[in-house]
$ cat start_24.pdb   # PDB, N, CA and C atoms
ATOM      1  N   TRP T 232     118.233  71.085 109.598
ATOM      2  CA  TRP T 232     119.370  71.601 110.312
ATOM      3  C   TRP T 232     119.195  71.365 111.792
ATOM      4  N   LEU T 233     119.924  72.046 112.673
ATOM      5  CA  LEU T 233     119.837  71.817 114.110
ATOM      6  C   LEU T 233     118.471  72.230 114.649
ATOM      7  N   GLN T 234     117.941  71.452 115.574
ATOM      8  CA  GLN T 234     116.645  71.751 116.167
ATOM      9  C   GLN T 234     116.715  72.940 117.131
ATOM     10  N   THR T 235     117.844  73.098 117.809
ATOM     11  CA  THR T 235     118.059  74.223 118.716
ATOM     12  C   THR T 235     119.373  74.888 118.358
ATOM     13  N   PRO T 236     119.527  76.150 118.687
ATOM     14  CA  PRO T 236     120.769  76.852 118.361
ATOM     15  C   PRO T 236     121.976  76.217 119.060
ATOM     16  N   LEU T 237     123.084  76.140 118.361
ATOM     17  CA  LEU T 237     124.323  75.599 118.919
ATOM     18  C   LEU T 237     124.972  76.663 119.799
ATOM     19  N   GLU T 238     125.122  76.362 121.084
ATOM     20  CA  GLU T 238     125.759  77.280 122.010
ATOM     21  C   GLU T 238     127.140  76.810 122.416
ATOM     22  N   THR T 239     127.367  75.502 122.430
ATOM     23  CA  THR T 239     128.654  74.948 122.845
ATOM     24  C   THR T 239     129.115  73.900 121.852
ATOM     25  N   LEU T 240     130.368  74.013 121.437
ATOM     26  CA  LEU T 240     131.007  72.999 120.615
ATOM     27  C   LEU T 240     132.260  72.575 121.355
ATOM     28  N   SER T 241     132.307  71.316 121.767
ATOM     29  CA  SER T 241     133.421  70.813 122.551
ATOM     30  C   SER T 241     133.966  69.547 121.919
ATOM     31  N   VAL T 242     135.219  69.633 121.472
ATOM     32  CA  VAL T 242     135.943  68.478 120.950
ATOM     33  C   VAL T 242     137.270  68.493 121.687
ATOM     34  N   THR T 243     137.421  67.601 122.667
ATOM     35  CA  THR T 243     138.617  67.642 123.497
ATOM     36  C   THR T 243     139.378  66.328 123.444
ATOM     37  N   GLU T 244     140.686  66.470 123.650
ATOM     38  CA  GLU T 244     141.583  65.311 123.701
ATOM     39  C   GLU T 244     141.454  64.412 122.476
ATOM     40  N   SER T 245     141.308  65.026 121.315
ATOM     41  CA  SER T 245     141.201  64.282 120.065
ATOM     42  C   SER T 245     142.348  64.678 119.154
ATOM     43  N   PHE T 246     143.106  63.703 118.675
ATOM     44  CA  PHE T 246     144.193  63.990 117.759
ATOM     45  C   PHE T 246     143.624  64.167 116.366
ATOM     46  N   ILE T 247     143.810  65.354 115.808
ATOM     47  CA  ILE T 247     143.311  65.656 114.473
ATOM     48  C   ILE T 247     144.523  65.820 113.556
ATOM     49  N   THR T 248     144.698  64.876 112.633
ATOM     50  CA  THR T 248     145.826  64.938 111.726
ATOM     51  C   THR T 248     145.588  65.986 110.643
ATOM     52  N   LYS T 249     146.634  66.323 109.939
ATOM     53  CA  LYS T 249     146.490  67.295 108.853
ATOM     54  C   LYS T 249     145.508  66.769 107.804
ATOM     55  N   SER T 250     145.563  65.491 107.524
ATOM     56  CA  SER T 250     144.640  64.886 106.565
ATOM     57  C   SER T 250     143.202  64.950 107.077
ATOM     58  N   ASP T 251     143.006  64.604 108.362
ATOM     59  CA  ASP T 251     141.670  64.698 108.958
ATOM     60  C   ASP T 251     141.153  66.123 108.873
ATOM     61  N   TRP T 252     142.030  67.076 109.229
ATOM     62  CA  TRP T 252     141.628  68.476 109.252
ATOM     63  C   TRP T 252     141.182  68.934 107.872
ATOM     64  N   THR T 253     141.856  68.478 106.844
ATOM     65  CA  THR T 253     141.486  68.843 105.487
ATOM     66  C   THR T 253     140.045  68.433 105.197
ATOM     67  N   HIS T 254     139.652  67.271 105.679
ATOM     68  CA  HIS T 254     138.307  66.765 105.416
ATOM     69  C   HIS T 254     137.232  67.406 106.284
ATOM     70  N   ILE T 255     137.573  67.766 107.517
ATOM     71  CA  ILE T 255     136.536  68.301 108.404
ATOM     72  C   ILE T 255     136.525  69.817 108.509
ATOM     73  N   SER T 256     137.581  70.484 108.071
ATOM     74  CA  SER T 256     137.647  71.933 108.264
ATOM     75  C   SER T 256     136.521  72.666 107.542
ATOM     76  N   GLU T 257     136.164  72.225 106.367
ATOM     77  CA  GLU T 257     135.071  72.888 105.656
ATOM     78  C   GLU T 257     133.764  72.730 106.428
ATOM     79  N   PHE T 258     133.521  71.539 106.954
ATOM     80  CA  PHE T 258     132.309  71.298 107.732
ATOM     81  C   PHE T 258     132.303  72.138 109.005
ATOM     82  N   VAL T 259     133.389  72.084 109.756
ATOM     83  CA  VAL T 259     133.463  72.821 111.017
ATOM     84  C   VAL T 259     133.358  74.321 110.772
ATOM     85  N   CYS T 260     134.168  74.812 109.870
ATOM     86  CA  CYS T 260     134.213  76.258 109.639
ATOM     87  C   CYS T 260     132.949  76.775 108.988
ATOM     88  N   THR T 261     132.587  76.195 107.901
ATOM     89  CA  THR T 261     131.482  76.727 107.130
ATOM     90  C   THR T 261     130.134  76.421 107.753
ATOM     91  N   ILE T 262     129.925  75.203 108.108
ATOM     92  CA  ILE T 262     128.592  74.823 108.570
ATOM     93  C   ILE T 262     128.394  75.126 110.047
ATOM     94  N   LEU T 263     129.250  74.577 110.902
ATOM     95  CA  LEU T 263     129.030  74.762 112.334
ATOM     96  C   LEU T 263     129.288  76.186 112.799
ATOM     97  N   LEU T 264     130.443  76.741 112.474
ATOM     98  CA  LEU T 264     130.768  78.067 112.992
ATOM     99  C   LEU T 264     130.004  79.182 112.299
ATOM    100  N   LEU T 265     129.957  79.180 110.994
ATOM    101  CA  LEU T 265     129.287  80.271 110.298
ATOM    102  C   LEU T 265     127.774  80.229 110.469
ATOM    103  N   LYS T 266     127.194  79.071 110.392
ATOM    104  CA  LYS T 266     125.734  78.974 110.533
ATOM    105  C   LYS T 266     125.275  79.186 111.972
ATOM    106  N   ASN T 267     126.179  79.056 112.926
ATOM    107  CA  ASN T 267     125.836  79.237 114.337
ATOM    108  C   ASN T 267     126.590  80.397 114.965
ATOM    109  N   ALA T 268     127.086  81.288 114.146
ATOM    110  CA  ALA T 268     127.903  82.395 114.632
ATOM    111  C   ALA T 268     127.176  83.289 115.623
ATOM    112  N   SER T 269     125.886  83.415 115.487
ATOM    113  CA  SER T 269     125.148  84.315 116.375
ATOM    114  C   SER T 269     124.766  83.678 117.703
ATOM    115  N   THR T 270     124.963  82.365 117.843
ATOM    116  CA  THR T 270     124.546  81.694 119.080
ATOM    117  C   THR T 270     125.675  80.983 119.817
ATOM    118  N   LEU T 271     126.799  80.727 119.156
ATOM    119  CA  LEU T 271     127.888  79.981 119.780
ATOM    120  C   LEU T 271     128.524  80.790 120.902
ATOM    121  N   ILE T 272     128.516  80.234 122.104
ATOM    122  CA  ILE T 272     129.064  80.900 123.279
ATOM    123  C   ILE T 272     130.403  80.285 123.674
ATOM    124  N   THR T 273     130.532  78.967 123.547
ATOM    125  CA  THR T 273     131.729  78.253 123.980
ATOM    126  C   THR T 273     132.275  77.390 122.863
ATOM    127  N   LEU T 274     133.566  77.520 122.605
ATOM    128  CA  LEU T 274     134.270  76.635 121.683
ATOM    129  C   LEU T 274     135.452  76.050 122.439
ATOM    130  N   ASP T 275     135.421  74.748 122.662
ATOM    131  CA  ASP T 275     136.438  74.069 123.446
ATOM    132  C   ASP T 275     137.128  73.032 122.571
ATOM    133  N   LEU T 276     138.371  73.306 122.225
ATOM    134  CA  LEU T 276     139.174  72.390 121.414
ATOM    135  C   LEU T 276     140.447  72.005 122.171
ATOM    136  N   GLU T 277     140.321  71.840 123.473
ATOM    137  CA  GLU T 277     141.476  71.531 124.314
ATOM    138  C   GLU T 277     142.072  70.165 123.984
ATOM    139  N   GLY T 278     143.402  70.145 123.885
ATOM    140  CA  GLY T 278     144.124  68.898 123.730
ATOM    141  C   GLY T 278     143.927  68.184 122.415
ATOM    142  N   CYS T 279     143.552  68.887 121.374
ATOM    143  CA  CYS T 279     143.335  68.254 120.066
ATOM    144  C   CYS T 279     144.599  68.243 119.216
ATOM    145  N   GLN T 280     145.696  68.707 119.786
ATOM    146  CA  GLN T 280     146.979  68.767 119.089
ATOM    147  C   GLN T 280     146.888  69.564 117.799
ATOM    148  N   LEU T 281     146.118  70.656 117.864
ATOM    149  CA  LEU T 281     145.995  71.539 116.709
ATOM    150  C   LEU T 281     147.278  72.328 116.527
ATOM    151  N   MET T 282     147.632  72.535 115.311
ATOM    152  CA  MET T 282     148.819  73.318 114.971
ATOM    153  C   MET T 282     148.360  74.722 114.555
ATOM    154  N   ASP T 283     149.331  75.599 114.368
ATOM    155  CA  ASP T 283     149.015  76.970 113.978
ATOM    156  C   ASP T 283     148.167  77.018 112.708
ATOM    157  N   PHE T 284     148.443  76.142 111.749
ATOM    158  CA  PHE T 284     147.686  76.184 110.488
ATOM    159  C   PHE T 284     146.229  75.781 110.700
ATOM    160  N   HIS T 285     145.941  74.955 111.719
ATOM    161  CA  HIS T 285     144.559  74.618 112.024
ATOM    162  C   HIS T 285     143.798  75.860 112.488
ATOM    163  N   LEU T 286     144.404  76.574 113.427
ATOM    164  CA  LEU T 286     143.760  77.783 113.945
ATOM    165  C   LEU T 286     143.595  78.808 112.838
ATOM    166  N   THR T 287     144.608  78.976 112.033
ATOM    167  CA  THR T 287     144.537  79.922 110.932
ATOM    168  C   THR T 287     143.372  79.577 109.997
ATOM    169  N   ALA T 288     143.099  78.301 109.825
ATOM    170  CA  ALA T 288     142.013  77.874 108.936
ATOM    171  C   ALA T 288     140.637  78.248 109.471
ATOM    172  N   ILE T 289     140.466  78.276 110.810
ATOM    173  CA  ILE T 289     139.145  78.576 111.349
ATOM    174  C   ILE T 289     138.963  80.031 111.781
ATOM    175  N   LEU T 290     140.027  80.825 111.740
ATOM    176  CA  LEU T 290     139.923  82.222 112.155
ATOM    177  C   LEU T 290     138.842  83.014 111.428
ATOM    178  N   PRO T 291     138.728  82.913 110.116
ATOM    179  CA  PRO T 291     137.675  83.687 109.451
ATOM    180  C   PRO T 291     136.285  83.378 110.001
ATOM    181  N   ALA T 292     136.008  82.128 110.297
ATOM    182  CA  ALA T 292     134.705  81.764 110.852
ATOM    183  C   ALA T 292     134.557  82.255 112.286
ATOM    184  N   LEU T 293     135.628  82.198 113.076
ATOM    185  CA  LEU T 293     135.573  82.655 114.472
ATOM    186  C   LEU T 293     135.266  84.144 114.572
ATOM    187  N   ARG T 294     135.724  84.904 113.611
ATOM    188  CA  ARG T 294     135.483  86.357 113.635
ATOM    189  C   ARG T 294     133.994  86.689 113.568
ATOM    190  N   ASN T 295     133.202  85.778 113.059
ATOM    191  CA  ASN T 295     131.760  85.997 112.947
ATOM    192  C   ASN T 295     130.984  85.563 114.190
ATOM    193  N   CYS T 296     131.641  84.920 115.129
ATOM    194  CA  CYS T 296     130.976  84.399 116.331
ATOM    195  C   CYS T 296     130.855  85.520 117.358
ATOM    196  N   THR T 297     129.803  86.295 117.240
ATOM    197  CA  THR T 297     129.639  87.508 118.038
ATOM    198  C   THR T 297     129.324  87.253 119.498
ATOM    199  N   GLN T 298     128.823  86.073 119.850
ATOM    200  CA  GLN T 298     128.485  85.761 121.238
ATOM    201  C   GLN T 298     129.553  84.915 121.931
ATOM    202  N   LEU T 299     130.620  84.583 121.225
ATOM    203  CA  LEU T 299     131.657  83.703 121.760
ATOM    204  C   LEU T 299     132.365  84.365 122.931
ATOM    205  N   THR T 300     132.235  83.763 124.112
ATOM    206  CA  THR T 300     132.868  84.313 125.310
ATOM    207  C   THR T 300     133.879  83.360 125.922
ATOM    208  N   ARG T 301     133.844  82.098 125.523
ATOM    209  CA  ARG T 301     134.804  81.132 126.046
ATOM    210  C   ARG T 301     135.420  80.369 124.888
ATOM    211  N   LEU T 302     136.723  80.522 124.750
ATOM    212  CA  LEU T 302     137.474  79.888 123.674
ATOM    213  C   LEU T 302     138.644  79.163 124.306
ATOM    214  N   ASN T 303     138.718  77.843 124.154
ATOM    215  CA  ASN T 303     139.763  77.064 124.800
ATOM    216  C   ASN T 303     140.588  76.321 123.758
ATOM    217  N   PHE T 304     141.838  76.728 123.621
ATOM    218  CA  PHE T 304     142.789  76.057 122.746
ATOM    219  C   PHE T 304     143.947  75.477 123.548
ATOM    220  N   LEU T 305     143.769  75.274 124.850
ATOM    221  CA  LEU T 305     144.823  74.780 125.723
ATOM    222  C   LEU T 305     145.436  73.493 125.174
ATOM    223  N   GLY T 306     146.760  73.456 125.148
ATOM    224  CA  GLY T 306     147.452  72.259 124.684
ATOM    225  C   GLY T 306     147.502  72.119 123.177
ATOM    226  N   ASN T 307     147.340  73.216 122.485
ATOM    227  CA  ASN T 307     147.335  73.165 121.033
ATOM    228  C   ASN T 307     148.390  74.084 120.428
ATOM    229  N   CYS T 308     147.972  75.018 119.641
ATOM    230  CA  CYS T 308     148.838  75.891 118.866
ATOM    231  C   CYS T 308     149.684  76.787 119.768
ATOM    232  N   SER T 309     150.571  77.515 119.159
ATOM    233  CA  SER T 309     151.512  78.328 119.903
ATOM    234  C   SER T 309     150.853  79.537 120.558
ATOM    235  N   LEU T 310     151.298  79.839 121.754
ATOM    236  CA  LEU T 310     150.804  81.000 122.482
ATOM    237  C   LEU T 310     151.072  82.278 121.690
ATOM    238  N   GLU T 311     152.181  82.313 120.968
ATOM    239  CA  GLU T 311     152.521  83.501 120.180
ATOM    240  C   GLU T 311     151.467  83.777 119.117
ATOM    241  N   LEU T 312     150.969  82.735 118.483
ATOM    242  CA  LEU T 312     149.931  82.927 117.466
ATOM    243  C   LEU T 312     148.661  83.468 118.102
ATOM    244  N   LEU T 313     148.255  82.915 119.235
ATOM    245  CA  LEU T 313     147.056  83.369 119.899
ATOM    246  C   LEU T 313     147.178  84.816 120.341
ATOM    247  N   GLU T 314     148.316  85.162 120.932
ATOM    248  CA  GLU T 314     148.521  86.545 121.362
ATOM    249  C   GLU T 314     148.574  87.480 120.160
ATOM    250  N   GLY T 315     149.087  87.003 119.040
ATOM    251  CA  GLY T 315     149.177  87.798 117.833
ATOM    252  C   GLY T 315     147.821  88.185 117.259
ATOM    253  N   ILE T 316     146.813  87.387 117.558
ATOM    254  CA  ILE T 316     145.455  87.707 117.070
ATOM    255  C   ILE T 316     144.585  88.270 118.173
ATOM    256  N   GLY T 317     145.196  88.576 119.324
ATOM    257  CA  GLY T 317     144.468  89.250 120.389
ATOM    258  C   GLY T 317     143.803  88.340 121.396
ATOM    259  N   ILE T 318     144.134  87.054 121.403
ATOM    260  CA  ILE T 318     143.584  86.126 122.385
ATOM    261  C   ILE T 318     144.601  85.988 123.508
ATOM    262  N   THR T 319     144.176  86.279 124.709
ATOM    263  CA  THR T 319     145.080  86.198 125.855
ATOM    264  C   THR T 319     144.535  85.240 126.903
ATOM    265  N   ARG T 320     145.402  84.857 127.807
ATOM    266  CA  ARG T 320     144.988  83.974 128.899
ATOM    267  C   ARG T 320     144.133  84.761 129.872
ATOM    268  N   PRO T 321     143.110  84.117 130.439
ATOM    269  CA  PRO T 321     142.276  84.816 131.426
ATOM    270  C   PRO T 321     143.076  85.113 132.682
ATOM    271  N   GLY T 322     142.648  86.184 133.387
ATOM    272  CA  GLY T 322     143.293  86.518 134.654
ATOM    273  C   GLY T 322     144.264  87.547 134.501
TER     274      GLY T 322
END

$ encode --input "start_24.pdb" --output "structure tokens"
Amino acid sequence: WLQTPLETLSVTESFITKSDWTHISEFVCTILLLKNASTLITLDLEGCQLMDFHLTAILPALRNCTQLTRLNFLGNCSLELLEGIGITRPG
């Protein structure tokens, strides 16, 4: 597995299609987020053109990320969905 704990996961400006997401969501959610839930501090998915269903797919894993202090979904899913789950803009 990883030699050091995963603290930052950054995938930016990448177009992830629904088909792509189907193939990688299990890996991202189950392996990266759940196995690193106690150490992940930053998750940056800016500009990946994620839709609401993408975020909904990773929410269960995100709930386990107890050290997560920086979450960036800029340019992705709807602000209403983020506010609905308690994620607000800084400031």

$ atom_distance --input "start_24.pdb" --atom1 "atom CA of T:Glu238" --atom2 "atom CA of T:Asn303"
14.3 Å

$ atom_distance --input "start_24.pdb" --atom1 "atom CA of T:Leu265" --atom2 "atom CA of T:Arg294"
9.3 Å

$ residues_around --input "start_24.pdb" --residues "T:Pro236" --least-positions-apart "6" --cutoff "8 Å" --atoms "all atoms listed in the file" --output "list in words"
Asn267, Ser269, Thr270 and Leu271 of chain T

$ closest_residue --input "start_24.pdb" --among "T:Cys296, T:Leu240, T:Leu305, T:Ala288" --to "T:Thr273" --atoms "only N, CA and C atoms"
T:Leu240

$ closest_residue --input "start_24.pdb" --among "T:Glu311, T:Leu274, T:Ala268, T:Ser250" --to "T:Thr297" --atoms "only C-alpha atoms"
T:Ala268

$ atom_distance --input "start_24.pdb" --atom1 "atom CA of T:Thr248" --atom2 "atom CA of T:Cys279"
9.3 Å

$ resolve_selection --input "start_24.pdb" --expression "the PyMOL selection byres ((chain T and resi 276) around 8)" --output "short mmCIF file (atom, residue, chain, number, x, y, z; two decimals) with N, CA and C atoms, in the coordinates of the input"
data_model
loop_
_atom_site.label_atom_id
_atom_site.label_comp_id
_atom_site.auth_asym_id
_atom_site.auth_seq_id
_atom_site.Cartn_x
_atom_site.Cartn_y
_atom_site.Cartn_z
N LEU T 240 130.37 74.01 121.44
CA LEU T 240 131.01 73.00 120.62
C LEU T 240 132.26 72.58 121.36
N SER T 241 132.31 71.32 121.77
CA SER T 241 133.42 70.81 122.55
C SER T 241 133.97 69.55 121.92
N VAL T 242 135.22 69.63 121.47
CA VAL T 242 135.94 68.48 120.95
C VAL T 242 137.27 68.49 121.69
N THR T 243 137.42 67.60 122.67
CA THR T 243 138.62 67.64 123.50
C THR T 243 139.38 66.33 123.44
N GLU T 244 140.69 66.47 123.65
CA GLU T 244 141.58 65.31 123.70
C GLU T 244 141.45 64.41 122.48
N SER T 245 141.31 65.03 121.32
CA SER T 245 141.20 64.28 120.06
C SER T 245 142.35 64.68 119.15
N THR T 273 130.53 78.97 123.55
CA THR T 273 131.73 78.25 123.98
C THR T 273 132.28 77.39 122.86
N LEU T 274 133.57 77.52 122.60
CA LEU T 274 134.27 76.64 121.68
C LEU T 274 135.45 76.05 122.44
N ASP T 275 135.42 74.75 122.66
CA ASP T 275 136.44 74.07 123.45
C ASP T 275 137.13 73.03 122.57
N GLU T 277 140.32 71.84 123.47
CA GLU T 277 141.48 71.53 124.31
C GLU T 277 142.07 70.17 123.98
N GLY T 278 143.40 70.14 123.88
CA GLY T 278 144.12 68.90 123.73
C GLY T 278 143.93 68.18 122.42
N CYS T 279 143.55 68.89 121.37
CA CYS T 279 143.34 68.25 120.07
C CYS T 279 144.60 68.24 119.22
N GLN T 280 145.70 68.71 119.79
CA GLN T 280 146.98 68.77 119.09
C GLN T 280 146.89 69.56 117.80
N LEU T 281 146.12 70.66 117.86
CA LEU T 281 146.00 71.54 116.71
C LEU T 281 147.28 72.33 116.53
N LEU T 302 136.72 80.52 124.75
CA LEU T 302 137.47 79.89 123.67
C LEU T 302 138.64 79.16 124.31
N ASN T 303 138.72 77.84 124.15
CA ASN T 303 139.76 77.06 124.80
C ASN T 303 140.59 76.32 123.76
N PHE T 304 141.84 76.73 123.62
CA PHE T 304 142.79 76.06 122.75
C PHE T 304 143.95 75.48 123.55
N LEU T 305 143.77 75.27 124.85
CA LEU T 305 144.82 74.78 125.72
C LEU T 305 145.44 73.49 125.17
N GLY T 306 146.76 73.46 125.15
CA GLY T 306 147.45 72.26 124.68
C GLY T 306 147.50 72.12 123.18
N ASN T 307 147.34 73.22 122.48
CA ASN T 307 147.34 73.17 121.03
C ASN T 307 148.39 74.08 120.43
#

$ axis_aligned_box --input "start_24.pdb" --around "stretch 263-278 of chain T" --padding-each-side "8 Å" --output "JSON"
{"center_x": 134.3, "center_y": 76.2, "center_z": 117.3, "size_x": 35.6, "size_y": 32.1, "size_z": 30.0}

$ residues_near_point --input "start_24.pdb" --point "(130.3, 84.5, 127.4)" --cutoff "7 Å" --atoms "all atoms listed in the file" --output "VMD selection string"
chain T and resid 272 to 273 298 to 301
